[in-house]
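Structure data follow from query_22.txt (compact mmCIF, C-alpha atoms):
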```
# COMPACT_ATOMS: atom_id res chain seq x y z
CA MET A 9 47.98 -7.32 -13.23
CA ASP A 10 49.64 -5.02 -10.70
CA LYS A 11 47.41 -2.54 -8.97
CA VAL A 12 48.38 1.11 -9.27
CA LYS A 13 47.19 4.09 -7.32
CA ILE A 14 44.55 6.06 -9.20
CA ILE A 15 44.06 9.74 -8.37
CA GLU A 16 40.88 11.48 -9.54
CA ILE A 17 42.05 14.98 -10.49
CA LYS A 18 39.68 17.82 -9.65
CA LYS A 19 39.20 20.86 -11.82
CA SER A 20 41.59 23.63 -10.87
CA VAL A 21 40.22 26.56 -8.90
CA PHE A 22 43.44 28.51 -9.15
CA GLU A 23 42.96 31.31 -11.68
CA ASP A 24 46.53 32.43 -12.26
CA ASN A 25 48.12 29.31 -13.71
CA ASP A 26 51.47 30.93 -14.51
CA ARG A 27 51.89 31.95 -10.89
CA ALA A 28 50.93 28.47 -9.66
CA ALA A 29 53.39 26.92 -12.13
CA ASN A 30 56.26 29.16 -11.05
CA GLN A 31 55.55 28.39 -7.39
CA LEU A 32 55.48 24.65 -8.09
CA ARG A 33 58.80 24.85 -9.97
CA LYS A 34 60.33 26.77 -7.05
CA ASP A 35 59.11 24.14 -4.54
CA LEU A 36 60.50 21.32 -6.69
CA LYS A 37 63.82 23.12 -7.02
CA GLN A 38 64.13 23.38 -3.24
CA ARG A 39 63.46 19.65 -2.92
CA GLY A 40 65.86 18.83 -5.74
CA VAL A 41 63.15 17.15 -7.83
CA TYR A 42 63.12 17.57 -11.62
CA LEU A 43 59.71 17.46 -13.33
CA LEU A 44 59.46 16.62 -17.04
CA ASN A 45 56.18 17.24 -18.86
CA LEU A 46 55.83 14.78 -21.76
CA MET A 47 53.17 15.52 -24.36
CA SER A 48 52.07 14.04 -27.69
CA ALA A 49 49.13 13.09 -29.86
CA PRO A 50 47.28 9.86 -29.05
CA GLY A 51 49.21 6.75 -30.05
CA SER A 52 52.62 8.34 -30.64
CA GLY A 53 54.31 5.92 -28.26
CA LYS A 54 54.73 7.96 -25.07
CA THR A 55 54.47 4.98 -22.73
CA THR A 56 56.87 2.76 -24.70
CA THR A 57 59.37 5.63 -24.94
CA LEU A 58 59.12 6.15 -21.19
CA ILE A 59 59.71 2.47 -20.45
CA GLN A 60 62.87 2.41 -22.57
CA THR A 61 64.13 5.69 -21.12
CA ILE A 62 63.44 4.69 -17.52
CA ASN A 63 65.17 1.33 -17.94
CA LEU A 64 68.30 3.17 -19.11
CA LEU A 65 68.23 5.61 -16.20
CA LYS A 66 66.73 3.85 -13.19
CA ASP A 67 70.07 2.63 -11.80
CA LYS A 68 71.50 6.14 -11.97
CA ILE A 69 68.64 8.28 -10.61
CA ARG A 70 65.40 7.69 -8.71
CA ILE A 71 62.38 8.07 -10.98
CA ALA A 72 58.62 8.26 -10.45
CA VAL A 73 55.91 8.51 -13.08
CA MET A 74 52.48 10.19 -13.20
CA GLU A 75 50.29 8.97 -16.06
CA ALA A 76 47.47 11.32 -16.96
CA ASP A 77 44.55 9.74 -18.72
CA ILE A 78 40.91 10.53 -19.16
CA ASP A 79 39.71 7.21 -17.89
CA SER A 80 41.81 4.02 -18.02
CA ASP A 81 44.80 2.92 -15.94
CA VAL A 82 46.46 0.90 -18.71
CA ASP A 83 49.57 3.08 -18.91
CA ALA A 84 50.45 3.29 -15.21
CA VAL A 85 50.16 -0.48 -14.87
CA LYS A 86 52.36 -0.97 -17.96
CA ILE A 87 55.07 1.38 -16.65
CA LYS A 88 55.10 -0.24 -13.22
CA GLU A 89 55.29 -3.76 -14.63
CA ALA A 90 57.95 -2.97 -17.22
CA THR A 91 60.26 -0.79 -15.13
CA GLY A 92 59.46 -1.35 -11.45
CA VAL A 93 59.51 2.38 -10.72
CA PRO A 94 56.63 3.94 -8.74
CA SER A 95 53.84 4.92 -11.10
CA ILE A 96 50.46 6.48 -10.39
CA GLN A 97 47.52 7.17 -12.65
CA LEU A 98 45.88 10.60 -12.77
CA HIS A 99 42.30 10.53 -14.00
CA THR A 100 41.29 13.84 -15.53
CA GLY A 101 37.60 12.94 -15.77
CA GLY A 102 37.31 14.08 -19.37
CA MET A 103 39.53 17.15 -19.02
CA CYS A 104 41.80 17.66 -21.98
CA HIS A 105 44.93 18.93 -20.23
CA LEU A 106 46.67 19.35 -16.89
CA ASP A 107 47.57 22.72 -15.40
CA ALA A 108 49.97 23.43 -12.53
CA GLU A 109 47.41 22.99 -9.78
CA MET A 110 46.24 19.64 -11.17
CA THR A 111 49.88 18.55 -11.54
CA GLY A 112 50.34 19.53 -7.89
CA GLN A 113 47.40 17.29 -6.91
CA GLY A 114 49.25 14.42 -8.57
CA LEU A 115 52.60 15.28 -6.95
CA ASP A 116 50.94 15.18 -3.52
CA ASN A 117 50.65 11.42 -4.13
CA VAL A 118 54.27 10.88 -5.15
CA ALA A 119 57.01 10.18 -2.58
CA LEU A 120 59.10 13.19 -3.59
CA ASP A 121 61.82 12.50 -0.99
CA ASP A 122 62.58 9.32 -2.92
CA ALA A 123 62.59 10.89 -6.40
CA ASP A 124 65.16 12.81 -8.44
CA LEU A 125 63.00 12.85 -11.55
CA VAL A 126 59.22 12.82 -11.90
CA ILE A 127 57.86 12.33 -15.39
CA LEU A 128 54.35 13.53 -16.13
CA GLU A 129 52.78 11.81 -19.13
CA ASN A 130 50.20 14.41 -20.14
CA VAL A 131 46.86 13.73 -21.89
CA GLY A 132 47.31 12.65 -25.54
CA ASN A 133 46.44 15.91 -27.28
CA LEU A 134 48.49 18.36 -29.38
CA VAL A 135 46.30 21.36 -28.65
CA CYS A 136 45.20 22.05 -25.07
CA PRO A 137 48.14 20.75 -22.99
CA ALA A 138 50.41 23.23 -24.81
CA GLU A 139 48.46 26.13 -23.35
CA PHE A 140 49.11 25.33 -19.69
CA ASP A 141 52.43 25.54 -17.84
CA THR A 142 52.37 22.49 -15.55
CA GLY A 143 55.28 23.68 -13.41
CA ALA A 144 57.68 21.31 -15.18
CA VAL A 145 61.33 22.24 -15.68
CA ARG A 146 61.09 21.25 -19.35
CA ASN A 147 58.42 20.36 -21.87
CA ALA A 148 59.11 17.49 -24.21
CA MET A 149 56.89 16.04 -26.92
CA ILE A 150 56.85 12.98 -29.09
CA LEU A 151 55.95 13.16 -32.75
CA SER A 152 55.66 9.77 -34.41
CA VAL A 153 56.57 9.19 -38.06
CA PRO A 154 53.05 8.04 -39.13
CA GLU A 155 51.62 11.40 -38.02
CA GLY A 156 53.58 13.19 -40.76
CA HIS A 157 56.34 15.80 -40.85
CA ASP A 158 53.92 18.70 -41.30
CA LYS A 159 52.64 18.70 -37.72
CA PRO A 160 54.72 21.73 -36.56
CA LEU A 161 52.86 23.74 -39.22
CA LYS A 162 49.48 22.63 -37.91
CA TYR A 163 50.03 22.66 -34.13
CA PRO A 164 52.31 25.69 -33.76
CA LEU A 165 51.97 26.30 -30.01
CA MET A 166 52.87 22.72 -29.04
CA PHE A 167 56.16 22.95 -30.95
CA THR A 168 56.84 26.46 -29.65
CA VAL A 169 56.62 25.47 -25.98
CA CYS A 170 58.63 22.24 -26.27
CA ASP A 171 62.36 22.20 -25.48
CA VAL A 172 62.70 18.71 -26.89
CA VAL A 173 61.00 16.88 -29.76
CA VAL A 174 61.44 13.12 -29.83
CA ILE A 175 60.66 11.68 -33.26
CA ASN A 176 59.44 8.14 -32.67
CA LYS A 177 58.77 5.08 -34.86
CA THR A 178 61.72 5.73 -37.18
CA ASP A 179 61.60 2.00 -38.04
CA VAL A 180 58.52 2.54 -40.20
CA MET A 181 60.03 5.52 -42.06
CA PRO A 182 60.21 3.47 -45.32
CA TYR A 183 56.41 3.01 -45.32
CA PHE A 184 55.48 6.66 -44.81
CA ASP A 185 56.22 9.90 -46.67
CA PHE A 186 58.11 11.41 -43.75
CA ASP A 187 60.90 13.90 -44.46
CA LEU A 188 63.11 14.21 -41.36
CA ASP A 189 64.99 17.27 -42.65
CA LYS A 190 61.75 19.10 -43.45
CA CYS A 191 60.37 18.12 -40.05
CA ALA A 192 63.45 19.55 -38.30
CA GLU A 193 63.14 22.73 -40.37
CA TYR A 194 59.46 23.14 -39.38
CA ILE A 195 60.23 22.42 -35.69
CA HIS A 196 62.96 25.08 -35.68
CA MET A 197 60.56 27.58 -37.29
CA ARG A 198 58.52 27.24 -34.10
CA ASN A 199 61.42 26.98 -31.65
CA PRO A 200 64.95 27.55 -32.95
CA ASN A 201 66.44 26.01 -29.77
CA ALA A 202 64.42 22.78 -29.77
CA ARG A 203 66.52 19.63 -29.53
CA ILE A 204 65.46 16.77 -31.76
CA PHE A 205 66.00 13.08 -30.95
CA PRO A 206 64.96 10.54 -33.61
CA ILE A 207 64.27 7.21 -31.89
CA CYS A 208 62.57 3.87 -32.27
CA ALA A 209 61.03 3.11 -28.88
CA LYS A 210 60.08 -0.40 -30.01
CA THR A 211 63.71 -1.45 -30.59
CA GLY A 212 65.32 1.12 -28.29
CA GLU A 213 67.35 2.69 -31.09
CA GLY A 214 68.37 6.28 -30.34
CA VAL A 215 66.74 6.31 -26.89
CA ASP A 216 70.17 6.55 -25.18
CA ALA A 217 70.75 10.05 -26.59
CA PHE A 218 67.44 11.27 -25.19
CA ALA A 219 68.08 9.49 -21.87
CA ASN A 220 71.55 11.06 -21.60
CA TRP A 221 70.15 14.51 -22.24
CA LEU A 222 67.56 13.93 -19.51
CA LEU A 223 70.14 12.57 -17.04
CA ASN A 224 72.33 15.62 -17.59
CA GLU A 225 69.34 17.91 -17.09
CA VAL A 226 68.38 16.26 -13.80
CA GLN A 227 71.96 16.41 -12.49
CA GLN A 228 72.32 20.10 -13.38
CA TRP A 229 68.98 20.87 -11.71
CA LYS A 230 69.97 19.07 -8.53
CA ASN A 231 73.42 20.69 -8.44
CA SER A 232 72.05 24.17 -8.89
CA ALA A 233 69.55 23.44 -6.13
CA CYS A 234 72.30 22.91 -3.54
CA MET B 22 49.14 26.72 -55.42
CA ASP B 23 45.43 27.44 -55.55
CA LYS B 24 44.14 30.13 -53.26
CA VAL B 25 41.39 29.10 -50.84
CA LYS B 26 39.09 31.21 -48.76
CA ILE B 27 40.23 31.45 -45.14
CA ILE B 28 37.66 32.23 -42.45
CA GLU B 29 38.86 33.36 -39.01
CA ILE B 30 36.42 31.72 -36.61
CA LYS B 31 35.42 33.80 -33.59
CA LYS B 32 34.81 32.33 -30.17
CA SER B 33 31.21 31.37 -29.69
CA VAL B 34 29.04 33.62 -27.57
CA PHE B 35 26.13 31.22 -27.65
CA GLU B 36 25.84 29.50 -24.28
CA ASP B 37 23.46 26.67 -25.05
CA ASN B 38 25.38 24.67 -27.64
CA ASP B 39 22.88 21.80 -27.82
CA ARG B 40 20.10 24.20 -28.74
CA ALA B 41 22.27 25.91 -31.37
CA ALA B 42 23.22 22.51 -32.79
CA ASN B 43 19.61 21.34 -33.04
CA GLN B 44 18.63 24.59 -34.74
CA LEU B 45 21.47 24.28 -37.23
CA ARG B 46 20.49 20.69 -38.03
CA LYS B 47 16.89 21.79 -38.56
CA ASP B 48 17.97 24.59 -40.93
CA LEU B 49 20.17 22.19 -42.89
CA LYS B 50 17.33 19.67 -43.13
CA GLN B 51 15.05 22.32 -44.62
CA ARG B 52 17.69 23.16 -47.21
CA GLY B 53 18.36 19.47 -47.92
CA VAL B 54 22.01 19.76 -46.95
CA TYR B 55 23.73 16.91 -45.07
CA LEU B 56 26.57 17.87 -42.72
CA LEU B 57 29.17 15.27 -41.71
CA ASN B 58 31.53 16.03 -38.81
CA LEU B 59 34.82 14.19 -39.31
CA MET B 60 37.14 13.94 -36.32
CA SER B 61 40.44 12.22 -35.49
CA ALA B 62 43.82 12.56 -33.81
CA PRO B 63 46.53 14.52 -35.63
CA GLY B 64 48.03 12.63 -38.55
CA SER B 65 45.42 9.89 -38.89
CA GLY B 66 44.84 10.69 -42.56
CA LYS B 67 41.61 12.73 -42.52
CA THR B 68 42.50 14.78 -45.58
CA THR B 69 43.66 11.83 -47.70
CA THR B 70 40.53 9.88 -46.73
CA LEU B 71 38.38 12.84 -47.73
CA ILE B 72 40.09 13.18 -51.09
CA GLN B 73 39.50 9.50 -51.92
CA THR B 74 35.90 9.62 -50.69
CA ILE B 75 35.07 12.82 -52.55
CA ASN B 76 36.53 11.52 -55.80
CA LEU B 77 34.22 8.51 -55.56
CA LEU B 78 31.13 10.63 -54.88
CA LYS B 79 31.56 13.96 -56.64
CA ASP B 80 29.81 12.87 -59.86
CA LYS B 81 26.80 11.64 -57.87
CA ILE B 82 26.26 14.44 -55.33
CA ARG B 83 27.43 18.03 -54.89
CA ILE B 84 30.03 18.29 -52.13
CA ALA B 85 31.70 21.15 -50.25
CA VAL B 86 34.39 20.95 -47.58
CA MET B 87 35.23 23.04 -44.51
CA GLU B 88 38.72 22.38 -43.13
CA ALA B 89 39.19 23.46 -39.54
CA ASP B 90 42.75 24.12 -38.49
CA ILE B 91 44.47 26.15 -35.84
CA ASP B 92 46.65 28.04 -38.23
CA SER B 93 47.64 26.71 -41.66
CA ASP B 94 45.65 26.35 -44.89
CA VAL B 95 47.50 23.26 -46.14
CA ASP B 96 44.46 20.97 -46.03
CA ALA B 97 41.92 23.16 -47.82
CA VAL B 98 44.38 23.77 -50.66
CA LYS B 99 45.09 20.03 -50.93
CA ILE B 100 41.39 19.14 -51.08
CA LYS B 101 40.66 21.77 -53.71
CA GLU B 102 43.58 20.74 -55.89
CA ALA B 103 42.94 17.00 -55.63
CA THR B 104 39.15 16.96 -56.03
CA GLY B 105 38.05 20.28 -57.54
CA VAL B 106 35.20 20.64 -55.05
CA PRO B 107 34.74 23.95 -53.18
CA SER B 108 36.85 23.96 -50.03
CA ILE B 109 37.32 26.64 -47.39
CA GLN B 110 39.66 26.84 -44.43
CA LEU B 111 38.37 27.69 -40.96
CA HIS B 112 41.04 29.11 -38.66
CA THR B 113 40.21 28.47 -35.02
CA GLY B 114 42.96 30.75 -33.71
CA GLY B 115 44.24 28.17 -31.23
CA MET B 116 40.83 26.85 -30.20
CA CYS B 117 40.77 23.10 -29.80
CA HIS B 118 37.31 22.32 -31.16
CA LEU B 119 34.34 23.68 -33.10
CA ASP B 120 30.87 24.05 -31.62
CA ALA B 121 27.60 24.62 -33.50
CA GLU B 122 27.86 28.38 -33.62
CA MET B 123 31.42 28.23 -34.96
CA THR B 124 30.33 25.63 -37.53
CA GLY B 125 27.54 28.03 -38.50
CA GLN B 126 30.13 30.79 -39.08
CA GLY B 127 31.82 28.45 -41.52
CA LEU B 128 28.59 27.44 -43.27
CA ASP B 129 27.80 31.12 -43.88
CA ASN B 130 30.72 31.02 -46.31
CA VAL B 131 29.62 27.88 -48.19
CA ALA B 132 27.25 28.07 -51.18
CA LEU B 133 24.65 25.79 -49.57
CA ASP B 134 22.28 25.99 -52.55
CA ASP B 135 24.94 24.17 -54.56
CA ALA B 136 25.68 21.47 -51.98
CA ASP B 137 24.08 18.17 -51.02
CA LEU B 138 26.86 17.24 -48.61
CA VAL B 139 29.13 19.46 -46.54
CA ILE B 140 32.02 17.75 -44.79
CA LEU B 141 33.55 19.44 -41.77
CA GLU B 142 37.09 18.30 -41.03
CA ASN B 143 37.32 19.13 -37.33
CA VAL B 144 40.51 20.03 -35.40
CA GLY B 145 42.87 17.03 -34.97
CA ASN B 146 42.12 16.14 -31.36
CA LEU B 147 40.46 13.11 -29.71
CA VAL B 148 39.31 14.96 -26.61
CA CYS B 149 37.61 18.35 -26.97
CA PRO B 150 35.77 18.06 -30.32
CA ALA B 151 33.84 15.08 -28.89
CA GLU B 152 32.26 17.34 -26.28
CA PHE B 153 30.53 19.69 -28.71
CA ASP B 154 27.63 18.91 -31.01
CA THR B 155 28.46 20.80 -34.22
CA GLY B 156 24.98 20.44 -35.69
CA ALA B 157 26.13 17.64 -38.00
CA VAL B 158 23.77 14.83 -38.98
CA ARG B 159 26.45 12.27 -38.13
CA ASN B 160 29.82 12.16 -36.39
CA ALA B 161 32.54 10.06 -37.96
CA MET B 162 36.09 9.56 -36.80
CA ILE B 163 39.25 8.09 -38.21
CA LEU B 164 41.52 5.91 -36.12
CA SER B 165 44.77 4.99 -37.84
CA VAL B 166 46.53 1.68 -37.27
CA PRO B 167 49.77 3.22 -35.89
CA GLU B 168 47.78 4.84 -33.06
CA GLY B 169 46.94 1.43 -31.59
CA HIS B 170 43.77 -0.58 -31.03
CA ASP B 171 43.41 0.57 -27.38
CA LYS B 172 42.27 4.10 -28.21
CA PRO B 173 38.54 3.47 -27.47
CA LEU B 174 39.63 2.61 -23.91
CA LYS B 175 41.53 5.86 -23.53
CA TYR B 176 39.26 8.33 -25.33
CA PRO B 177 35.82 6.99 -24.37
CA LEU B 178 33.66 10.00 -25.27
CA MET B 179 35.03 10.29 -28.82
CA PHE B 180 34.07 6.70 -29.57
CA THR B 181 30.70 7.07 -27.81
CA VAL B 182 29.58 10.03 -29.95
CA CYS B 183 30.74 8.62 -33.29
CA ASP B 184 28.31 6.78 -35.55
CA VAL B 185 31.14 5.64 -37.79
CA VAL B 186 34.75 4.68 -37.13
CA VAL B 187 37.02 4.51 -40.17
CA ILE B 188 40.16 2.49 -39.46
CA ASN B 189 42.84 3.89 -41.74
CA LYS B 190 46.36 2.82 -42.80
CA THR B 191 45.51 -0.89 -42.90
CA ASP B 192 48.46 -1.30 -45.31
CA VAL B 193 50.92 -0.92 -42.42
CA MET B 194 49.11 -3.45 -40.20
CA PRO B 195 52.03 -5.94 -40.50
CA TYR B 196 54.42 -3.44 -38.90
CA PHE B 197 52.27 -2.59 -35.87
CA ASP B 198 50.71 -4.62 -33.05
CA PHE B 199 47.17 -3.73 -34.08
CA ASP B 200 44.37 -6.20 -33.35
CA LEU B 201 41.35 -5.33 -35.51
CA ASP B 202 38.98 -7.68 -33.64
CA LYS B 203 39.96 -6.23 -30.28
CA CYS B 204 39.61 -2.73 -31.67
CA ALA B 205 36.07 -3.50 -32.91
CA GLU B 206 35.22 -4.98 -29.50
CA TYR B 207 36.48 -1.82 -27.70
CA ILE B 208 34.62 0.46 -30.15
CA HIS B 209 31.37 -1.44 -29.56
CA MET B 210 31.88 -1.17 -25.79
CA ARG B 211 31.57 2.60 -26.28
CA ASN B 212 28.90 2.54 -28.98
CA PRO B 213 27.25 -0.79 -29.86
CA ASN B 214 25.81 0.70 -33.06
CA ALA B 215 29.02 2.16 -34.45
CA ARG B 216 29.79 1.10 -38.01
CA ILE B 217 33.41 0.25 -38.72
CA PHE B 218 35.11 0.68 -42.09
CA PRO B 219 38.72 -0.54 -42.41
CA ILE B 220 40.40 1.36 -45.25
CA CYS B 221 43.73 2.34 -46.72
CA ALA B 222 43.31 5.92 -47.88
CA LYS B 223 46.71 5.87 -49.60
CA THR B 224 45.72 3.08 -52.03
CA GLY B 225 41.95 3.63 -51.85
CA GLU B 226 41.25 0.12 -50.57
CA GLY B 227 37.95 -0.13 -48.68
CA VAL B 228 37.04 3.52 -49.23
CA ASP B 229 34.12 2.56 -51.51
CA ALA B 230 32.23 0.95 -48.60
CA PHE B 231 32.53 4.14 -46.55
CA ALA B 232 31.62 6.29 -49.57
CA ASN B 233 28.54 4.14 -50.30
CA TRP B 234 27.39 4.44 -46.70
CA LEU B 235 27.76 8.22 -46.91
CA LEU B 236 25.97 8.44 -50.27
CA ASN B 237 23.05 6.45 -48.88
CA GLU B 238 22.93 8.69 -45.80
CA VAL B 239 22.83 11.88 -47.90
CA GLN B 240 20.09 10.49 -50.16
CA GLN B 241 17.94 9.43 -47.20
CA TRP B 242 18.41 12.84 -45.57
CA LYS B 243 17.38 14.66 -48.73
CA ASN B 244 14.38 12.38 -49.31
CA SER B 245 13.10 12.80 -45.79
CA ALA B 246 13.51 16.58 -46.15
CA CYS B 247 10.98 16.78 -49.00
```
Mind turning this structure into structure tokens?
Amino acid sequence: MDKVKIIEIKKSVFEDNDRAANQLRKDLKQRGVYLLNLMSAPGSGKTTTLIQTINLLKDKIRIAVMEADIDSDVDAVKIKEATGVPSIQLHTGGMCHLDAEMTGQGLDNVALDDADLVILENVGNLVCPAEFDTGAVRNAMILSVPEGHDKPLKYPLMFTVCDVVVINKTDVMPYFDFDLDKCAEYIHMRNPNARIFPICAKTGEGVDAFANWLLNEVQQWKNSAC
Amino acid sequence: MDKVKIIEIKKSVFEDNDRAANQLRKDLKQRGVYLLNLMSAPGSGKTTTLIQTINLLKDKIRIAVMEADIDSDVDAVKIKEATGVPSIQLHTGGMCHLDAEMTGQGLDNVALDDADLVILENVGNLVCPAEFDTGAVRNAMILSVPEGHDKPLKYPLMFTVCDVVVINKTDVMPYFDFDLDKCAEYIHMRNPNARIFPICAKTGEGVDAFANWLLNEVQQWKNSAC
């Protein structure tokens, strides 16, 4: 298996996270680097979705990935092997989220001069990561069909702070009581502007729409940075 | 829809959670009440599993349920309607876990003289709830097949603190790359004594083994309390 760089993230000492996040976003803007914060519950398919998305985009823009995990390095290795893009693992040492300062510790280990887009795969958790601005340009989250369409009712903040909701594992829709229209209605209760992309990361179905949205975002960010 | 009691849980002021948890366990022992702490990721099927389990046990022991949730009261209503046992909703107001003092706030609203078993359905989260002893006699968790068999590698503490792992949604095993043997191996890496119960809460398959284990636990706890 490929070796990947593993960064042990230290607890943040910075008290004003919103200020740190705004500063990080400003720095990234000046360098023309777009940061996407990708969140979800455990097992929703973040890594597989990333692999499909990166393989659609990697010839068009330069991408790097930071995989946050409590302990293992399974995901960073998987991403590197399946896409070839630079991928590092951030170990949170049991911490349940990343804030802007911790994200910055990760970014210090990414070659930002060679990246247009950095994707942060946050800790698998629908509660805590939603509370901390990481400094990303956009927050996206993945909700998988087996989790149920009622999740926006139960994890309101996560769906409020996300600009994009990717609904994954649509291939197993027939085996679960998942109502896509109801789900969209609940998501828009939390954030009327949220974009919704139903996909099947396993087969790649629908991933192009999400990838195109992301490509457009990165290009706009870079253009407005000039 | 049935009305259920909703308790707004306040942040704990008690600093030594382990001491509070031990005290709570001692109090429950004296009253002959068994507390089970049930944890899982969002959407793993905690509520459906509880309904099936309670319906198997409610003629043998007296059961009450505390449903912890950030905001909604969907689960407590569902439990009450489907089983008829007393069920209250604990609102955590955005908090990602329950500790012993918060669990105690909930128990103050349960008729403990009429209960042999109280089940606490913790917040859907594989990270934070694992860090706090709630005062329960046992910790159980549900891992659902769509989440993947690698979860014990990625959420080590959760699997270390759980005495029981219920593997739910076995009916969809053919549609997911889930290796039950590997999963059991990973679980036992974290906790060699963990019991594993594969079930399908939707059809009820396998739930009797889990329910029998729980019944035996409650009876032993009550007997040793005399």
Could you give me, as a PyMOL selection string, the residues within 7 Å of region 185-201 of chain A, counting only C-alpha atoms and dropping anything in the same chain fewer than 2 positions from it? chain A and resi 153+156-158+160-161+164+167-168+181+203
Grab the residues selected above and save them as a tab-separated table (two decimals), in the frame of the given file with C-alpha atoms.
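Once written, part_27.tsv looks like this:
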```tsv
chain	number	residue	atom	x	y	z
A	153	VAL	CA	56.57	9.19	-38.06
A	156	GLY	CA	53.58	13.19	-40.76
A	157	HIS	CA	56.34	15.80	-40.85
A	158	ASP	CA	53.92	18.70	-41.30
A	160	PRO	CA	54.72	21.73	-36.56
A	161	LEU	CA	52.86	23.74	-39.22
A	164	PRO	CA	52.31	25.69	-33.76
A	167	PHE	CA	56.16	22.95	-30.95
A	168	THR	CA	56.84	26.46	-29.65
A	181	MET	CA	60.03	5.52	-42.06
A	203	ARG	CA	66.52	19.63	-29.53
```
Give me, as JSON lines, each residue of chain A that comes within 8 Å of chain B, together with its shortest interatomic pair and the distance in Å at one decimal, counting all atoms listed in the file, with rows ordered by chain and rising residue number.
```
{"residue": "A:Ala49", "atom": "CA", "partner": "B:Pro63", "partner_atom": "CA", "distance": 6.5}
{"residue": "A:Pro50", "atom": "CA", "partner": "B:Glu168", "partner_atom": "CA", "distance": 6.4}
{"residue": "A:Gly51", "atom": "CA", "partner": "B:Glu168", "partner_atom": "CA", "distance": 3.8}
{"residue": "A:Ser52", "atom": "CA", "partner": "B:Glu168", "partner_atom": "CA", "distance": 6.4}
{"residue": "A:Asp77", "atom": "CA", "partner": "B:Lys175", "partner_atom": "CA", "distance": 6.9}
{"residue": "A:Ile78", "atom": "CA", "partner": "B:Lys175", "partner_atom": "CA", "distance": 6.4}
{"residue": "A:Asp79", "atom": "CA", "partner": "B:Lys175", "partner_atom": "CA", "distance": 6.1}
{"residue": "A:Ser80", "atom": "CA", "partner": "B:Lys175", "partner_atom": "CA", "distance": 5.8}
{"residue": "A:Gly102", "atom": "CA", "partner": "B:Val148", "partner_atom": "CA", "distance": 7.6}
{"residue": "A:Met103", "atom": "CA", "partner": "B:Val148", "partner_atom": "CA", "distance": 7.9}
{"residue": "A:Cys104", "atom": "CA", "partner": "B:Val148", "partner_atom": "CA", "distance": 5.9}
{"residue": "A:Asn133", "atom": "CA", "partner": "B:Asn146", "partner_atom": "CA", "distance": 5.9}
{"residue": "A:Leu134", "atom": "CA", "partner": "B:Asn146", "partner_atom": "CA", "distance": 7.0}
{"residue": "A:Val135", "atom": "CA", "partner": "B:Cys117", "partner_atom": "CA", "distance": 5.9}
{"residue": "A:Cys136", "atom": "CA", "partner": "B:Cys117", "partner_atom": "CA", "distance": 6.6}
{"residue": "A:Pro154", "atom": "CA", "partner": "B:Pro167", "partner_atom": "CA", "distance": 6.7}
{"residue": "A:Glu155", "atom": "CA", "partner": "B:Gly64", "partner_atom": "CA", "distance": 3.8}
{"residue": "A:Gly156", "atom": "CA", "partner": "B:Gly64", "partner_atom": "CA", "distance": 6.0}
{"residue": "A:Lys159", "atom": "CA", "partner": "B:Gly64", "partner_atom": "CA", "distance": 7.7}
{"residue": "A:Leu161", "atom": "CA", "partner": "B:Ser93", "partner_atom": "CA", "distance": 6.5}
{"residue": "A:Lys162", "atom": "CA", "partner": "B:Ser93", "partner_atom": "CA", "distance": 5.8}
{"residue": "A:Tyr163", "atom": "CA", "partner": "B:Ile91", "partner_atom": "CA", "distance": 6.8}
{"residue": "A:Pro164", "atom": "CA", "partner": "B:Asp92", "partner_atom": "CA", "distance": 7.6}
{"residue": "A:Val180", "atom": "CA", "partner": "B:Tyr196", "partner_atom": "CA", "distance": 7.4}
{"residue": "A:Tyr183", "atom": "CA", "partner": "B:Val193", "partner_atom": "CA", "distance": 7.3}
```
Skipping near chain neighbours, those fewer than 6 positions away, what residues fall within 7 Å of Met110 (chain A) using only C-alpha atoms, listed as a PyMOL selection string? chain A and resi 17-18+20
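Distance-wise, CA of Pro107 (chain B) and CA of Met60 (chain B) end up 19.8 Å apart.
Distance annotation: of B:Ala132, B:Leu77, B:Leu111, B:Leu71, the residue with the minimal separation from Asn189 (chain B) is B:Leu71; atom set is only C-alpha atoms.
Computed from the coordinates, the CA of Glu142 (chain B) to CA of Ile100 (chain B) distance equals 11.0 Å.
Here CA of Ala108 (chain A) and CA of Asp121 (chain A) stand 19.8 Å from one another.
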